[in-house]
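Participant: protein_16.cif is the file, holding mmCIF, C-alpha atoms:
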```
data_structure
#
loop_
_atom_site.label_atom_id
_atom_site.label_comp_id
_atom_site.auth_asym_id
_atom_site.auth_seq_id
_atom_site.Cartn_x
_atom_site.Cartn_y
_atom_site.Cartn_z
CA MET A 6 0.00 0.00 0.00
CA HIS A 7 1.24 3.46 -0.88
CA ARG A 8 2.25 5.33 2.25
CA VAL A 9 0.71 8.78 2.37
CA GLY A 10 3.20 11.65 2.37
CA PRO A 11 2.78 14.39 4.98
CA LEU A 12 1.75 16.92 2.30
CA GLU A 13 -0.06 14.56 -0.04
CA GLY A 14 -3.45 15.91 -0.99
CA PHE A 15 -2.48 19.50 -0.21
CA THR A 16 -1.79 22.32 -2.66
CA VAL A 17 0.87 24.88 -1.72
CA GLY A 18 1.57 28.21 -3.41
CA VAL A 19 5.22 29.32 -3.73
CA THR A 20 5.80 33.06 -4.13
CA ALA A 21 9.62 32.98 -4.10
CA ALA A 22 11.61 34.46 -6.94
CA ARG A 23 14.91 33.05 -5.69
CA ARG A 24 15.37 29.36 -4.76
CA ALA A 25 11.80 28.65 -5.89
CA ASP A 26 12.87 25.40 -7.58
CA GLU A 27 14.52 24.17 -4.39
CA LEU A 28 11.50 24.98 -2.26
CA GLY A 29 9.10 23.46 -4.81
CA ALA A 30 11.15 20.25 -4.98
CA LEU A 31 11.14 19.88 -1.19
CA LEU A 32 7.36 20.31 -1.11
CA GLU A 33 6.73 17.90 -3.99
CA ARG A 34 9.01 15.30 -2.41
CA ARG A 35 6.63 15.26 0.54
CA GLY A 36 3.59 14.89 -1.69
CA ALA A 37 2.34 18.46 -2.19
CA ALA A 38 0.98 19.86 -5.43
CA VAL A 39 2.88 23.11 -6.00
CA VAL A 40 1.60 26.29 -7.63
CA HIS A 41 4.58 28.51 -8.49
CA ALA A 42 3.73 32.19 -8.79
CA PRO A 43 6.71 34.50 -8.24
CA ALA A 44 5.50 37.67 -6.58
CA LEU A 45 8.70 39.54 -7.52
CA ARG A 46 11.67 39.66 -9.81
CA ILE A 47 15.16 40.72 -8.85
CA VAL A 48 17.05 43.37 -10.83
CA PRO A 49 20.36 41.81 -11.98
CA LEU A 50 23.16 43.50 -10.03
CA ALA A 51 25.40 44.10 -13.01
CA ASP A 52 22.58 46.04 -14.74
CA ASP A 53 21.66 48.09 -11.68
CA GLY A 54 22.76 51.69 -12.20
CA GLU A 55 21.49 52.65 -8.75
CA LEU A 56 23.88 50.19 -7.09
CA LEU A 57 26.75 51.40 -9.28
CA GLY A 58 26.08 55.00 -8.25
CA ALA A 59 25.96 54.09 -4.53
CA THR A 60 29.21 52.12 -4.84
CA GLU A 61 31.02 54.99 -6.55
CA ALA A 62 29.74 57.41 -3.90
CA LEU A 63 31.10 55.24 -1.07
CA ILE A 64 34.46 54.88 -2.80
CA GLY A 65 34.60 58.63 -3.27
CA ARG A 66 33.72 59.31 0.36
CA ALA A 67 34.18 56.43 2.75
CA PRO A 68 31.56 55.94 5.50
CA ASP A 69 32.36 55.35 9.16
CA THR A 70 30.41 52.10 9.35
CA VAL A 71 29.01 49.58 6.85
CA VAL A 72 26.21 47.18 7.86
CA ALA A 73 26.05 44.00 5.75
CA THR A 74 22.58 42.45 6.07
CA THR A 75 22.51 39.39 3.76
CA ALA A 76 25.15 36.93 2.57
CA ILE A 77 23.89 36.71 -1.01
CA GLY A 78 23.58 40.49 -1.19
CA PHE A 79 27.08 41.15 0.11
CA ARG A 80 28.63 38.57 -2.24
CA GLY A 81 26.67 40.00 -5.14
CA TRP A 82 27.78 43.54 -4.33
CA VAL A 83 31.47 42.58 -4.35
CA GLU A 84 31.06 40.54 -7.55
CA ALA A 85 29.20 43.39 -9.28
CA ALA A 86 31.96 45.82 -8.26
CA GLU A 87 34.53 43.44 -9.74
CA GLY A 88 32.57 43.46 -12.99
CA TRP A 89 32.64 47.27 -13.05
CA GLY A 90 36.38 47.31 -12.35
CA LEU A 91 35.79 48.71 -8.85
CA GLY A 92 36.32 45.56 -6.79
CA GLU A 93 39.74 46.45 -5.38
CA GLU A 94 38.64 49.98 -4.51
CA LEU A 95 35.45 48.77 -2.79
CA ARG A 96 37.34 46.19 -0.72
CA GLY A 97 39.84 48.88 0.23
CA VAL A 98 37.02 51.05 1.59
CA LEU A 99 35.37 48.14 3.42
CA ASP A 100 38.70 47.11 4.93
CA GLY A 101 39.18 50.54 6.45
CA VAL A 102 35.79 51.04 8.14
CA GLU A 103 33.80 49.42 10.92
CA LEU A 104 32.11 46.49 9.15
CA LEU A 105 29.16 44.90 10.96
CA ALA A 106 27.74 41.59 9.70
CA ARG A 107 24.18 40.54 10.55
CA GLY A 108 24.70 36.95 11.65
CA PRO A 109 26.92 33.96 10.86
CA LYS A 110 25.98 33.59 7.16
CA VAL A 111 26.82 37.22 6.42
CA ARG A 112 30.03 36.90 8.42
CA GLY A 113 31.02 33.98 6.17
CA ALA A 114 30.41 36.08 3.04
CA VAL A 115 32.49 38.93 4.48
CA ARG A 116 35.42 36.64 5.19
CA ALA A 117 35.11 34.94 1.79
CA ALA A 118 35.72 38.39 0.27
CA GLY A 119 39.01 38.64 2.17
CA LEU A 120 37.60 41.04 4.78
CA THR A 121 37.12 40.90 8.54
CA GLU A 122 34.02 42.04 10.36
CA ALA A 123 34.33 44.24 13.44
CA TRP A 124 31.36 42.53 15.07
CA SER A 125 28.53 40.14 14.34
CA PRO A 126 25.63 39.06 16.59
CA PRO A 127 25.30 35.31 17.27
CA SER A 128 21.69 35.51 16.06
CA GLU A 129 20.56 36.94 12.73
CA SER A 130 18.68 39.80 14.36
CA LEU A 131 19.05 43.21 12.78
CA ALA A 132 17.62 44.59 16.02
CA GLU A 133 20.80 43.52 17.83
CA VAL A 134 22.91 45.38 15.27
CA LEU A 135 20.76 48.48 15.78
CA ASP A 136 21.04 48.22 19.57
CA ARG A 137 24.84 48.04 19.35
CA LEU A 138 25.06 51.07 17.06
CA LEU A 139 22.75 53.15 19.23
CA ALA A 140 24.66 52.13 22.36
CA GLU A 141 27.92 53.24 20.72
CA GLY A 142 26.36 56.53 19.66
CA VAL A 143 25.89 57.39 16.00
CA ALA A 144 25.50 61.18 16.04
CA GLY A 145 27.53 62.68 13.21
CA ARG A 146 28.54 59.28 11.81
CA ARG A 147 28.02 58.22 8.19
CA ILE A 148 26.59 54.71 8.06
CA ALA A 149 26.11 52.68 4.89
CA VAL A 150 23.42 50.00 5.10
CA GLN A 151 23.28 47.23 2.55
CA LEU A 152 19.56 46.92 1.83
CA HIS A 153 18.14 43.52 1.06
CA GLY A 154 15.25 44.23 -1.24
CA GLU A 155 13.28 46.51 1.04
CA PRO A 156 14.03 49.91 2.60
CA LEU A 157 14.22 48.72 6.26
CA PRO A 158 12.41 51.88 7.40
CA GLY A 159 12.47 51.19 11.14
CA PHE A 160 16.20 50.49 11.16
CA VAL A 161 17.12 53.48 9.02
CA GLU A 162 14.75 55.88 10.81
CA ALA A 163 16.13 54.94 14.23
CA LEU A 164 19.67 55.70 13.06
CA CYS A 165 18.62 59.01 11.49
CA GLU A 166 16.75 60.06 14.63
CA ALA A 167 19.92 59.35 16.63
CA GLY A 168 21.86 61.77 14.41
CA ALA A 169 23.47 59.48 11.83
CA GLU A 170 23.73 60.13 8.10
CA VAL A 171 22.48 56.91 6.50
CA VAL A 172 23.44 55.85 2.98
CA GLY A 173 21.34 53.04 1.53
CA VAL A 174 23.11 50.51 -0.70
CA PRO A 175 20.40 48.77 -2.80
CA VAL A 176 22.28 45.54 -3.38
CA TYR A 177 19.30 43.97 -5.04
CA ARG A 178 15.94 45.49 -5.75
CA TRP A 179 12.56 43.84 -6.07
CA LEU A 180 10.21 44.74 -8.91
CA PRO A 181 6.85 43.24 -9.88
CA PRO A 182 7.15 40.11 -12.04
CA GLU A 183 7.28 40.69 -15.77
CA ASP A 184 4.49 38.13 -16.22
CA ILE A 185 1.82 38.96 -13.66
CA ALA A 186 -0.58 36.18 -14.76
CA PRO A 187 0.76 33.42 -12.42
CA LEU A 188 0.47 35.76 -9.42
CA ASP A 189 -3.09 36.66 -10.41
CA ARG A 190 -3.95 32.96 -10.68
CA LEU A 191 -2.52 32.33 -7.20
CA ILE A 192 -4.49 35.26 -5.79
CA ASP A 193 -7.66 33.81 -7.33
CA ALA A 194 -6.80 30.38 -5.91
CA VAL A 195 -6.40 31.89 -2.44
CA ARG A 196 -9.80 33.60 -2.76
CA ALA A 197 -11.38 30.32 -3.92
CA ARG A 198 -9.62 28.32 -1.17
CA SER A 199 -8.26 25.97 -3.84
CA VAL A 200 -4.79 26.22 -2.30
CA ASP A 201 -4.22 25.09 1.27
CA ALA A 202 -1.14 27.18 2.06
CA VAL A 203 1.03 29.93 0.59
CA THR A 204 4.74 30.19 1.40
CA PHE A 205 6.69 33.43 1.69
CA THR A 206 10.47 33.65 1.88
CA SER A 207 10.77 37.46 1.88
CA ALA A 208 8.75 40.38 3.20
CA PRO A 209 8.68 42.06 -0.24
CA ALA A 210 6.99 38.96 -1.69
CA ALA A 211 4.23 39.10 0.92
CA ALA A 212 3.82 42.84 0.38
CA SER A 213 3.76 42.39 -3.39
CA LEU A 214 0.98 39.80 -3.27
CA LEU A 215 -1.16 42.06 -1.09
CA GLU A 216 -0.43 45.10 -3.27
CA ARG A 217 -1.47 43.22 -6.39
CA ALA A 218 -4.64 42.01 -4.67
CA GLU A 219 -5.40 45.59 -3.64
CA ARG A 220 -4.85 46.85 -7.18
CA ARG A 221 -7.39 44.28 -8.37
CA GLY A 222 -9.85 45.25 -5.63
CA VAL A 223 -9.75 41.85 -3.88
CA ARG A 224 -7.35 42.43 -0.99
CA GLU A 225 -9.98 41.97 1.71
CA GLU A 226 -11.07 38.68 0.15
CA VAL A 227 -7.45 37.49 0.14
CA LEU A 228 -6.91 38.59 3.74
CA GLU A 229 -10.12 36.85 4.84
CA ALA A 230 -8.92 33.60 3.24
CA LEU A 231 -5.46 33.92 4.82
CA ARG A 232 -7.03 34.52 8.23
CA GLY A 233 -8.92 31.24 8.00
CA ASP A 234 -8.83 28.49 5.40
CA VAL A 235 -5.49 29.22 3.69
CA LEU A 236 -2.35 28.86 5.81
CA ALA A 237 0.33 31.55 5.47
CA ALA A 238 3.79 30.07 6.05
CA CYS A 239 6.72 32.48 6.41
CA VAL A 240 10.41 31.69 6.68
CA GLY A 241 10.87 34.16 9.56
CA PRO A 242 9.37 37.03 11.56
CA VAL A 243 10.62 39.79 9.24
CA THR A 244 9.04 38.03 6.26
CA ALA A 245 5.76 37.81 8.17
CA LEU A 246 5.47 41.53 8.96
CA PRO A 247 3.34 42.59 5.94
CA LEU A 248 0.87 39.82 6.85
CA THR A 249 0.79 40.18 10.64
CA ALA A 250 0.20 43.92 10.13
CA HIS A 251 -3.19 42.85 8.73
CA ASP A 252 -3.90 40.35 11.53
CA VAL A 253 -3.05 37.32 9.39
CA PRO A 254 -1.87 34.43 11.58
CA VAL A 255 1.31 32.85 10.24
CA VAL A 256 3.35 29.76 10.94
CA ARG A 257 7.12 29.99 10.85
CA PRO A 258 9.99 27.73 11.83
CA GLU A 259 12.37 28.41 14.70
CA ARG A 260 15.29 28.31 12.25
CA PHE A 261 14.81 30.72 9.38
CA ARG A 262 15.57 28.31 6.54
CA ILE A 263 13.64 26.70 3.68
CA GLY A 264 14.00 23.15 5.05
CA PRO A 265 12.48 23.97 8.46
CA LEU A 266 9.76 25.97 6.67
CA VAL A 267 8.73 22.82 4.78
CA GLN A 268 8.83 20.81 8.01
CA SER A 269 6.48 23.35 9.59
CA LEU A 270 4.00 22.76 6.77
CA CYS A 271 4.39 18.99 7.22
CA ARG A 272 3.16 19.41 10.79
CA GLU A 273 0.55 22.13 10.33
CA LEU A 274 -1.37 21.08 7.23
CA PRO A 275 -2.15 17.48 8.29
CA ALA A 276 -3.22 18.83 11.68
CA ARG A 277 -5.82 20.99 9.91
CA ALA A 278 -7.33 18.02 8.03
CA GLN A 279 -10.71 16.68 9.17
CA VAL A 280 -10.55 13.06 10.35
CA LEU A 281 -13.76 11.01 10.65
CA PRO A 282 -14.68 7.36 11.33
CA VAL A 283 -16.93 6.42 8.41
CA ALA A 284 -18.31 2.96 7.56
CA GLY A 285 -15.61 1.25 9.60
CA ARG A 286 -12.84 3.21 7.93
CA ARG A 287 -10.70 6.19 8.84
CA LEU A 288 -11.47 9.06 6.48
CA GLU A 289 -9.12 12.05 6.37
CA ILE A 290 -10.25 15.00 4.26
CA ARG A 291 -7.32 16.96 2.83
CA GLY A 292 -7.19 19.83 0.34
CA HIS A 293 -7.78 18.00 -2.95
CA ALA A 294 -7.73 14.37 -1.82
CA ALA A 295 -9.16 11.99 0.71
CA VAL A 296 -7.04 9.56 2.69
CA VAL A 297 -8.88 6.29 3.43
CA ASP A 298 -7.20 4.05 6.01
CA GLY A 299 -3.88 5.72 5.30
CA GLU A 300 -4.15 5.42 1.51
CA PRO A 301 -4.42 8.62 -0.55
CA ARG A 302 -7.43 8.70 -2.88
CA PRO A 303 -7.42 11.56 -5.41
CA VAL A 304 -10.90 13.07 -5.68
CA PRO A 305 -12.04 15.40 -8.51
CA PRO A 306 -13.07 18.96 -7.53
CA ALA A 307 -16.81 18.24 -7.72
CA GLY A 308 -16.37 15.20 -5.47
CA MET A 309 -14.34 17.18 -2.94
CA ALA A 310 -17.07 19.85 -2.85
CA LEU A 311 -19.67 17.17 -2.07
CA LEU A 312 -17.46 15.44 0.48
CA ARG A 313 -16.89 18.71 2.36
CA ALA A 314 -20.60 19.48 2.31
CA LEU A 315 -21.41 16.04 3.75
CA ALA A 316 -18.62 16.31 6.35
CA ARG A 317 -19.78 19.65 7.75
CA ARG A 318 -22.40 17.73 9.76
CA PRO A 319 -21.19 14.12 9.74
CA GLY A 320 -24.03 11.61 9.73
CA TRP A 321 -26.71 14.18 8.95
CA VAL A 322 -28.68 13.95 5.74
CA VAL A 323 -27.85 16.64 3.18
CA SER A 324 -30.54 17.28 0.58
CA ARG A 325 -29.88 17.05 -3.14
CA ALA A 326 -30.73 20.74 -3.43
CA ASP A 327 -28.06 21.69 -0.85
CA LEU A 328 -25.50 19.42 -2.50
CA LEU A 329 -26.33 20.95 -5.88
CA ARG A 330 -25.54 24.38 -4.46
CA ALA A 331 -22.18 23.03 -3.22
CA LEU A 332 -21.22 21.74 -6.69
CA PRO A 333 -19.08 24.16 -8.70
CA GLY A 334 -20.98 25.31 -11.80
CA ALA A 335 -23.58 22.52 -11.69
CA GLY A 336 -26.59 24.62 -12.72
CA ARG A 337 -30.05 23.45 -11.66
CA ASP A 338 -30.10 19.78 -12.67
CA GLU A 339 -30.13 17.57 -9.56
CA HIS A 340 -29.03 14.68 -11.76
CA ALA A 341 -25.56 16.29 -11.55
CA VAL A 342 -25.56 15.43 -7.84
CA GLU A 343 -26.21 11.73 -8.53
CA THR A 344 -23.41 11.67 -11.08
CA ALA A 345 -20.99 13.43 -8.74
CA VAL A 346 -21.87 11.10 -5.84
CA ALA A 347 -21.28 8.04 -8.02
CA ARG A 348 -17.87 9.38 -9.04
CA LEU A 349 -17.04 10.25 -5.43
CA ARG A 350 -17.89 6.72 -4.26
CA SER A 351 -15.65 5.32 -6.97
CA ALA A 352 -12.81 7.68 -6.06
CA LEU A 353 -13.01 6.74 -2.37
CA GLY A 354 -12.93 3.03 -3.23
CA ALA A 355 -15.51 2.34 -0.51
CA PRO A 356 -19.07 2.96 -1.80
CA ARG A 357 -20.69 2.32 1.59
CA MET A 358 -19.04 5.44 3.04
CA ILE A 359 -21.79 7.52 1.41
CA GLN A 360 -25.35 6.39 2.03
CA THR A 361 -28.39 7.25 -0.05
CA VAL A 362 -31.41 8.29 2.00
CA VAL A 363 -34.40 7.74 -0.29
CA LYS A 364 -36.27 10.92 -1.26
CA ARG A 365 -34.14 12.98 1.13
CA GLY A 366 -30.52 13.06 -0.02
CA TYR A 367 -27.19 11.61 1.10
CA ARG A 368 -25.21 11.22 4.30
CA LEU A 369 -21.80 10.02 5.44
CA ALA A 370 -21.99 6.64 7.18
CA PHE A 371 -20.55 8.29 10.27
CA ASP A 372 -19.75 6.04 13.24
CA PRO A 373 -18.45 8.19 16.12
CA ALA A 374 -18.22 5.19 18.44
CA ASP A 375 -15.76 3.47 16.11
CA GLY A 376 -13.02 6.12 16.42
CA GLY A 377 -11.91 5.39 12.89
CA ARG A 378 -10.14 2.14 13.84
CA GLY A 379 -12.54 -0.41 12.35
CA VAL A 380 -12.18 -2.05 8.97
CA GLU A 381 -15.06 -2.52 6.56
CA GLY A 382 -15.83 -6.19 6.04
#
```
Re-express the file's structure as structure tokens.
Facilitator:
Amino acid sequence: MHRVGPLEGFTVGVTAARRADELGALLERRGAAVVHAPALRIVPLADDGELLGATEALIGRAPDTVVATTAIGFRGWVEAAEGWGLGEELRGVLDGVELLARGPKVRGAVRAAGLTEAWSPPSESLAEVLDRLLAEGVAGRRIAVQLHGEPLPGFVEALCEAGAEVVGVPVYRWLPPEDIAPLDRLIDAVRARSVDAVTFTSAPAAASLLERAERRGVREEVLEALRGDVLAACVGPVTALPLTAHDVPVVRPERFRIGPLVQSLCRELPARAQVLPVAGRRLEIRGHAAVVDGEPRPVPPAGMALLRALARRPGWVVSRADLLRALPGAGRDEHAVETAVARLRSALGAPRMIQTVVKRGYRLAFDPADGGRGVEG
């Protein structure tokens, strides 16, 4: 018997622009159906005139302190400078100033460039870097901050209020995707609850999805879905900020990495599935599939709509008219209900799980006393 994967039967949206293939592969390996809809695109560093201008300005007038915030961004900055013929000059500037690295990964990138950081927090908290700077006193100091795709307003504002001159270094910038259609389809899937979770690996991606939904006039519908039926999974607390600002509950791993993010989904999504003892079997209702006695049973969309309608009040009779209303695009012909029920029984592989109640409708053969442990004879 095929062993059900932790994410089998669930559909997960991936909004990442970078490392999307890696995240998608991890999800699929655990059984998920993946909808890839990049919410952003990254401006290539070598083509970024804004970064070139900031680099030349820092070479022309060295800052007192440089804050490196991401490993990939710092590496990319040095590589882009090399491509412009400014690599040696940039490293010379960075070697002569106070260089702060936000966490171990950034520290590794700094050392790989042949440089040495003055200090790095053991965590990856930018708040710790800010606290250290403010404790040292920043009045009159020129501080360059390597931005990581967003303006970091709280960090920059706190330094400015304390008297620092802050120079932003836009190491990579986020722009809307060139093809907006996949993002629109994901937004529509969230509204329709046809995805079970959406993953976010950067705050700009979360903000971009909400901004696009607002532009289309459906942001409140998206937020309502994310507050209930659709799980928002974020790689860390900074990524979650655009969502939590709108009271969207999020799940996030303790370690801010893609692998632990997937593991969080492996725990959370099965826990949200409805599990019922039906006709001596254990029925688990997942996003687009049913699991019967531990075996995944793919169910077509019409069948899932009926199964959810029957499971809302397990054991109660649901009329054909109510089931017809639950069917997507079924019209007014109650014969469509009979056809969909027949297909659902076939998909479940256990026809007796759905009982016909003559002249009234259908019901799940719910057996609460069984606890889902019995086996149909």
Participant: Please enumerate the residues selected by the PyMOL selection byres ((chain A and resi 193) around 12) when evaluated against the supplied file, formatted as a ChimeraX atom specification.
Facilitator: /A:18,40,42,186-192,194-200,214,217-218,221-224,226-227,230
Participant: Restricting the calculation to all atoms listed in the file: of A:Arg107, A:Glu141, A:Ile185, A:Leu231, which residue gets closest to Pro127 (chain A)?
Facilitator: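 Result for the nearest residue to Pro127 (chain A): A:Arg107.
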Participant: Evaluate the PyMOL selection byres ((chain A and resi 28) around 8) on the structure here and hand back the selected residues as a list of chain:residue names.
Facilitator: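 Checked against the file, the PyMOL selection byres ((chain A and resi 28) around 8) matches A:Val19, A:Arg24, A:Ala25, A:Asp26, A:Glu27, A:Gly29, A:Ala30, A:Leu31, A:Leu32, A:Ile263, A:Gly264, A:Val267.
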Participant: Using all atoms listed in the file for the distances, tell me which of A:Glu33, A:Glu259, A:Glu103, A:Asp372 is nearest to Val240 (chain A).
Facilitator: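 That would be A:Glu259, the residue with the smallest distance to Val240 (chain A).
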Participant: When distances are computed from all atoms listed in the file, which of A:Val39, A:Leu135, A:Val346, A:Val9 shows the smallest separation from Val304 (chain A)?
Facilitator: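 Answer, going by the shortest atom-to-atom distance: A:Val346.
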